[in-house]
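Here the structure is laid out as structure tokens; the discussion comes afterwards.
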Number of protein chains: 2
Amino acid sequence: MSKMVLLKDVSERTGCSSALVSAVLNGHTGRIRASEAMRERIIEAANDLGYVPNRNARGLRMSRSFLIGALAANLSSSFVPEILAGIESRCLHTNYGVLLGDYNSEEELLERWSGFQGRGVDGVICIGNPVSFKKNILPCPGMKCVFVGGCVGDKECGGIWVDRASLSQLAARAFAERGHRHIAYLTNHSPTECNAWRNALLTHGIVAGTIRSCHNFFEEGVAVATAILQEHPELTACFADSDLLGTAVLTAARHCGKRVPEDLSVLGIDDSILCRISQPELASLRQPRREQGEKGAELLMQMLDGEPARDIVLHGELVCRASLAQCPDNHSESRK
Amino acid sequence: MSKMVLLKDVSERTGCSSALVSAVLNGHTGRIRASEAMRERIIEAANDLGYVPNRNARGLRMSRSFLIGALAANLSSSFVPEILAGIESRCLHTNYGVLLGDYNSEEELLERWSGFQGRGVDGVICIGNPVSFKKNILPCPGMKCVFVGGCVGDKECGGIWVDRASLSQLAARAFAERGHRHIAYLTNHSPTECNAWRNALLTHGIVAGTIRSCHNFFEEGVAVATAILQEHPELTACFADSDLLGTAVLTAARHCGKRVPEDLSVLGIDDSILCRISQPELASLRQPRREQGEKGAELLMQMLDGEPARDIVLHGELVCRASLAQCPDNHSESRK
DNA sequence: AAAAGCTAATTAATCGTTTTATCATATTAT
DNA sequence: ATAATATGATAAAACGATTAATTAGCTTTT
């Protein structure tokens, strides 16, 4: 902390008050104005001395920190870093900095939250959808929030997400076009929450069959998928709620002696690196993670400038790979 | 920004001065002391009101921001988030917050750096080893730095890394014990930088053969590995500098009609999720990523408390999986 | 010529903490 | 009995910026 250059140092060298320096450096054109000559002298002196404003002081005075808090549940889960990268990239040429808050439990969440409050972050981006918000646990007294990857239905909060219904439709179409009619769904959600999927299939005249819940862990996915495949030999396709579960299905198929894609087509969600690593390569629905982050940051900044909160819905995209193919029963049918 | 709870609010409710509240809440035992009864009343009142200290004010007064900058090259590369998670977790019950700085080019790096300076971060953790530091591009006037995953050989900077030599030794031993003598090495580094690997092999009486550089991209890895396998049919093993490259070798082996592990053993580095997804499962050298982050944050905090910079060297660990097996030429030899 | 308005600035208050210097009062030592 | 020390506190001065209130000197308007 050798010797920071202060406003006072600049003002002394220029022979004016620090108020004037502050006004000039912040480009104020209101009550406090400097002559053109003084303006130039001040700016030159500031550059000369290498003046860097102290944001603690500024933040204290203005009660604005130009800091955005990014609250993430489990930083090492695959999609969080990509969203974070989007947020960072959107903040690049702005005044805002991103304060990171990773948490792995309700307790940690609360600690992060109060840390954010104490630092006076101007707003918060929540990656994922902390349950606590639904429960109204988090004190949210006028704190501007944007939820990326979910919404809380709060008028005060913005939301960015990829429409689950449209993902379901993409998947249903992909399978239907290839003649599949017996399609399992391996999901993180509870079966009762899967009406989007049921409806999407009905659009193509298909009645949804096996829907099974499963946590997003590889081993659990393998176990559940193996059970499904054994119980339902008629299945020719499986839709999984993540690439991790998709690769789990691939592994389960191997266990059951089913060839992919000859006997079984598999589709994941995320289009992550896993798709290219797996054998065969996994078809997947790409979700614009990075874009979600960018849009989230942008929305929050707009809200900080006084615009009202709103929701932004994005859409996925099918990335076809070897694991997705024509249904074995009817190779002639439904080809597009 | 409705109404923050201030020190004053707590002191008014307790009927004492804010100085006393501050001292109690910070656990000071020096000049300013409170009676046990007062202590309890203050703490209770603070909890009651939900007091959160304003870090801008604190930072201003103490001329410390209690902010740590985390500079990361490419946030979405697999290991960065894990290190970041380690840093975050170490900062959890401290006063420090983590300011994120992702960059994808020299230019972005410089912008992040000046952003950090402007925010008055107390210190910086660099994840990975920005070339700019070697080149002395970054102005580092007394800024405390810790490098995670590399060092710059600067006395002023701390460093945490996993010893490459020991990783090489682990790999060499794993292969040697299984009877392999013709082992390729697919690395991010230039062949001239691989003496650790050569020496490790020599320990076991093996002369290093094919060493080939390759960027850490799947497709490039497949191409390079395919070339190696075709040019050197005598190879029975391949060591890859990352799991991504390891899985690339698996794919290349398939292209070349080599079975893993019957014809070829493969070993990666990182013990990431890729190892369990791949077919066969990939053996790997685990690097304590999270621990590197935690130790890095801890070291920086110590340096901020006045301790001198130092280096911390961690070690890897072999995680054996299906891709690593006995050499086909000599199943009887060298079994341990 | 007085009033009003503009320009170019200054002074001083303020933001919410931490910390130094100070002050009673009570206890112990001389 | 007086001085020294310990205990339990308070008042006020930082910290470095922003900004409302004020001022002094000009120019223009009435």
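Identifiers in this document derive from the order of the structure tokens: chains are assigned A, B, ..., residues are numbered from 1 separately in each chain, and ligands are numbered from 1 in order of occurrence.
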Set the distance at 7 Å and use only C-alpha atoms (C1' of nucleotides): which residues neighbour segment 7-14 of chain D once local chain neighbours fewer than 4 positions away are removed? I'd like the list as a list of chain:residue names. B:Ser17, B:Arg33, B:Ala34, B:Ser35
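Excluding DT7 of chain C itself and same-chain residues fewer than 6 positions from it, the residues having an atom within 12 Å of it are Gly30, Arg31, Ile32, Arg33, Ala34, Ser35 and Glu36 of chain A; DA24, DG25, DC26 and DT27 of chain D, counting only C-alpha atoms (C1' of nucleotides).
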Store the residues of this selection in a file with C-alpha atoms (C1' of nucleotides), as a PDB file, in the first residue's frame.
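Wrote it out as out-v7.pdb, contents follow:
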```
ATOM      1  CA  GLY A  30     -23.790  20.345 -13.684  1.00  0.00           C
ATOM      2  CA  ARG A  31     -23.254  22.869 -10.942  1.00  0.00           C
ATOM      3  CA  ILE A  32     -19.525  22.432 -10.648  1.00  0.00           C
ATOM      4  CA  ARG A  33     -17.729  23.372 -13.833  1.00  0.00           C
ATOM      5  CA  ALA A  34     -14.161  24.001 -14.769  1.00  0.00           C
ATOM      6  CA  SER A  35     -12.773  26.204 -17.490  1.00  0.00           C
ATOM      7  CA  GLU A  36     -11.401  24.403 -20.485  1.00  0.00           C
TER       8      GLU A  36
ATOM      9  C1'  DA D  24     -16.792  36.096  -5.876  1.00  0.00           C
ATOM     10  C1'  DG D  25     -16.332  38.188 -10.033  1.00  0.00           C
ATOM     11  C1'  DC D  26     -18.181  39.107 -14.468  1.00  0.00           C
ATOM     12  C1'  DT D  27     -21.804  40.109 -18.053  1.00  0.00           C
TER      13       DT D  27
END
```
Check every residue of chain C for an atom within 10 Å of chain B, counting only C-alpha atoms (C1' of nucleotides), and provide those that qualify as an MDAnalysis selection string. chainID C and resid 15:20
Would you save the residues from that selection as a compact mmCIF listing (two decimals), in the first residue's frame, using C-alpha atoms (C1' of nucleotides)?
```
# COMPACT_ATOMS: atom_id res chain seq x y z
C1' DC C 15 -21.09 8.36 3.83
C1' DG C 16 -20.24 4.16 8.06
C1' DT C 17 -16.60 2.32 10.02
C1' DT C 18 -12.16 1.88 13.00
C1' DT C 19 -9.12 3.70 16.27
C1' DT C 20 -6.68 7.04 19.11
```
At most 12 Å to chain A: residues in chain D, only C-alpha atoms (C1' of nucleotides), as an NGL selection string: :D and (15-22)
Neighbour list for Gly159 of chain B as number ranges by chain, cut-off 12 Å, only C-alpha atoms (C1' of nucleotides), skip fewer than 5 positions in-chain: B: 124-129, 144-154, 292-293, 295-300, 303, 308-314
As number ranges by chain, which residues of segment 18-54 of chain B does DSSP assign to helix (DSSP H, G or I)? B: 18-25, 36-49
Give me a file of those residues, with C-alpha atoms, as a short mmCIF file (atom, residue, chain, number, x, y, z; two decimals), in the first residue's frame.
```cif
data_model
loop_
_atom_site.label_atom_id
_atom_site.label_comp_id
_atom_site.auth_asym_id
_atom_site.auth_seq_id
_atom_site.Cartn_x
_atom_site.Cartn_y
_atom_site.Cartn_z
CA SER B 18 -20.79 2.68 18.36
CA ALA B 19 -17.10 2.36 19.08
CA LEU B 20 -17.89 -0.24 21.66
CA VAL B 21 -20.14 -2.14 19.31
CA SER B 22 -17.47 -2.16 16.69
CA ALA B 23 -14.88 -3.43 19.12
CA VAL B 24 -17.13 -6.18 20.44
CA LEU B 25 -18.26 -7.32 17.02
CA GLU B 36 -19.55 -9.53 29.77
CA ALA B 37 -23.15 -8.38 30.16
CA MET B 38 -22.74 -5.57 27.66
CA ARG B 39 -20.97 -7.91 25.28
CA GLU B 40 -23.94 -10.20 25.21
CA ARG B 41 -26.44 -7.42 24.85
CA ILE B 42 -24.53 -5.98 21.93
CA ILE B 43 -24.23 -9.26 20.13
CA GLU B 44 -27.87 -10.00 20.69
CA ALA B 45 -28.93 -6.60 19.43
CA ALA B 46 -26.73 -6.96 16.35
CA ASN B 47 -28.29 -10.29 15.53
CA ASP B 48 -31.75 -8.99 16.25
CA LEU B 49 -31.44 -6.07 13.94
#
```
Using only C-alpha atoms, which chain B residues lie at most 8 Å away from chain A, written as a VMD selection string? chain B and resid 1 to 2 52 to 57 59 to 60 65 74 to 76 81 to 82 84 to 85 88 to 89 92 97 to 102 108 111 to 112 115 117 to 120 142 247 to 248 274 277 to 279
Which of segment 60-139 of chain A end up as strand (DSSP E or B) when DSSP is run on this backbone - answer as a ChimeraX atom specification? /A:67-73,97-103,123-127
I'd like the interatomic distance between atom CA of Ala253 of chain A and atom CA of Cys327 of chain B, to a tenth of an Å. 29.5 Å
Which residues, written as a VMD selection string, have at least one atom at most 9 Å from His189 of chain B, with only C-alpha atoms (C1' of nucleotides) counted and residues fewer than 6 positions away on the same chain left out? chain B and resid 212 to 215 241
Write a file of the just-selected residues containing C-alpha atoms, as a PDB file, in the first residue's frame.
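Saved as result-v2.pdb:
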```pdb
ATOM      1  CA  ARG B 212       4.552 -35.084 -29.298  1.00  0.00           C
ATOM      2  CA  SER B 213       3.103 -31.680 -28.537  1.00  0.00           C
ATOM      3  CA  CYS B 214      -0.519 -30.939 -29.008  1.00  0.00           C
ATOM      4  CA  HIS B 215      -2.921 -28.234 -27.916  1.00  0.00           C
ATOM      5  CA  ASP B 241      -1.241 -34.447 -20.419  1.00  0.00           C
TER       6      ASP B 241
END
```
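The space between atom CA of His204 of chain A and atom CA of Ala176 of chain A spans 6.5 Å.
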Contacts of Val249 of chain B within 12 Å, only C-alpha atoms (C1' of nucleotides), excl. fewer than 3 positions in-chain, as a ChimeraX atom specification: /A:277 /B:184-187,214,217-229,237-246,252-256,258-261,264-268,278-280,282,323
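Counting only C-alpha atoms (C1' of nucleotides), DT5 of chain D has the following residues at most 9 Å away, ignoring those fewer than 4 positions along the same chain: DT27, DT28 and DA29 of chain C.
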Can you write out the residues you just picked, keeping all heavy atoms, as a PDB file, in the first residue's frame?
```
ATOM      1  P    DT C  27     -14.529  -1.726  43.863  1.00  0.00           P
ATOM      2  OP1  DT C  27     -15.388  -2.921  43.714  1.00  0.00           O
ATOM      3  OP2  DT C  27     -14.707  -0.803  45.009  1.00  0.00           O
ATOM      4  O5'  DT C  27     -13.011  -2.201  43.838  1.00  0.00           O
ATOM      5  C5'  DT C  27     -12.514  -2.841  42.650  1.00  0.00           C
ATOM      6  C4'  DT C  27     -11.011  -2.726  42.648  1.00  0.00           C
ATOM      7  O4'  DT C  27     -10.621  -1.338  42.517  1.00  0.00           O
ATOM      8  C3'  DT C  27     -10.306  -3.242  43.924  1.00  0.00           C
ATOM      9  O3'  DT C  27      -9.531  -4.371  43.563  1.00  0.00           O
ATOM     10  C2'  DT C  27      -9.453  -2.068  44.389  1.00  0.00           C
ATOM     11  C1'  DT C  27      -9.349  -1.213  43.130  1.00  0.00           C
ATOM     12  N1   DT C  27      -9.097   0.239  43.332  1.00  0.00           N
ATOM     13  C2   DT C  27      -7.910   0.781  42.886  1.00  0.00           C
ATOM     14  O2   DT C  27      -7.039   0.139  42.336  1.00  0.00           O
ATOM     15  N3   DT C  27      -7.768   2.137  43.101  1.00  0.00           N
ATOM     16  C4   DT C  27      -8.687   2.983  43.720  1.00  0.00           C
ATOM     17  O4   DT C  27      -8.451   4.180  43.874  1.00  0.00           O
ATOM     18  C5   DT C  27      -9.895   2.350  44.177  1.00  0.00           C
ATOM     19  C7   DT C  27     -10.938   3.173  44.870  1.00  0.00           C
ATOM     20  C6   DT C  27     -10.062   1.019  43.965  1.00  0.00           C
ATOM     21  P    DT C  28      -8.898  -5.302  44.724  1.00  0.00           P
ATOM     22  OP1  DT C  28      -8.952  -6.697  44.214  1.00  0.00           O
ATOM     23  OP2  DT C  28      -9.488  -4.933  46.029  1.00  0.00           O
ATOM     24  O5'  DT C  28      -7.365  -4.843  44.722  1.00  0.00           O
ATOM     25  C5'  DT C  28      -6.600  -4.937  43.517  1.00  0.00           C
ATOM     26  C4'  DT C  28      -5.377  -4.059  43.644  1.00  0.00           C
ATOM     27  O4'  DT C  28      -5.767  -2.690  43.865  1.00  0.00           O
ATOM     28  C3'  DT C  28      -4.453  -4.416  44.832  1.00  0.00           C
ATOM     29  O3'  DT C  28      -3.211  -4.868  44.308  1.00  0.00           O
ATOM     30  C2'  DT C  28      -4.320  -3.124  45.627  1.00  0.00           C
ATOM     31  C1'  DT C  28      -4.739  -2.069  44.597  1.00  0.00           C
ATOM     32  N1   DT C  28      -5.285  -0.796  45.151  1.00  0.00           N
ATOM     33  C2   DT C  28      -4.592   0.377  44.923  1.00  0.00           C
ATOM     34  O2   DT C  28      -3.555   0.434  44.310  1.00  0.00           O
ATOM     35  N3   DT C  28      -5.176   1.497  45.476  1.00  0.00           N
ATOM     36  C4   DT C  28      -6.350   1.558  46.200  1.00  0.00           C
ATOM     37  O4   DT C  28      -6.759   2.617  46.637  1.00  0.00           O
ATOM     38  C5   DT C  28      -7.019   0.304  46.390  1.00  0.00           C
ATOM     39  C7   DT C  28      -8.299   0.247  47.177  1.00  0.00           C
ATOM     40  C6   DT C  28      -6.464  -0.828  45.869  1.00  0.00           C
ATOM     41  P    DA C  29      -2.044  -5.305  45.249  1.00  0.00           P
ATOM     42  OP1  DA C  29      -1.288  -6.366  44.546  1.00  0.00           O
ATOM     43  OP2  DA C  29      -2.561  -5.526  46.627  1.00  0.00           O
ATOM     44  O5'  DA C  29      -1.167  -3.982  45.246  1.00  0.00           O
ATOM     45  C5'  DA C  29      -0.677  -3.460  44.008  1.00  0.00           C
ATOM     46  C4'  DA C  29       0.194  -2.253  44.274  1.00  0.00           C
ATOM     47  O4'  DA C  29      -0.629  -1.165  44.793  1.00  0.00           O
ATOM     48  C3'  DA C  29       1.314  -2.461  45.293  1.00  0.00           C
ATOM     49  O3'  DA C  29       2.480  -1.814  44.790  1.00  0.00           O
ATOM     50  C2'  DA C  29       0.782  -1.818  46.567  1.00  0.00           C
ATOM     51  C1'  DA C  29      -0.073  -0.686  46.008  1.00  0.00           C
ATOM     52  N9   DA C  29      -1.224  -0.284  46.830  1.00  0.00           N
ATOM     53  C8   DA C  29      -2.169  -1.091  47.394  1.00  0.00           C
ATOM     54  N7   DA C  29      -3.094  -0.434  48.065  1.00  0.00           N
ATOM     55  C5   DA C  29      -2.721   0.898  47.927  1.00  0.00           C
ATOM     56  C6   DA C  29      -3.279   2.093  48.414  1.00  0.00           C
ATOM     57  N6   DA C  29      -4.398   2.142  49.139  1.00  0.00           N
ATOM     58  N1   DA C  29      -2.667   3.246  48.089  1.00  0.00           N
ATOM     59  C2   DA C  29      -1.547   3.197  47.351  1.00  0.00           C
ATOM     60  N3   DA C  29      -0.924   2.135  46.839  1.00  0.00           N
ATOM     61  C4   DA C  29      -1.568   1.003  47.169  1.00  0.00           C
TER      62       DA C  29
END
```
What does the structure give for the distance between atom CA of Asn199 of chain A and atom CA of Leu170 of chain A, in Å to one decimal? 12.0 Å
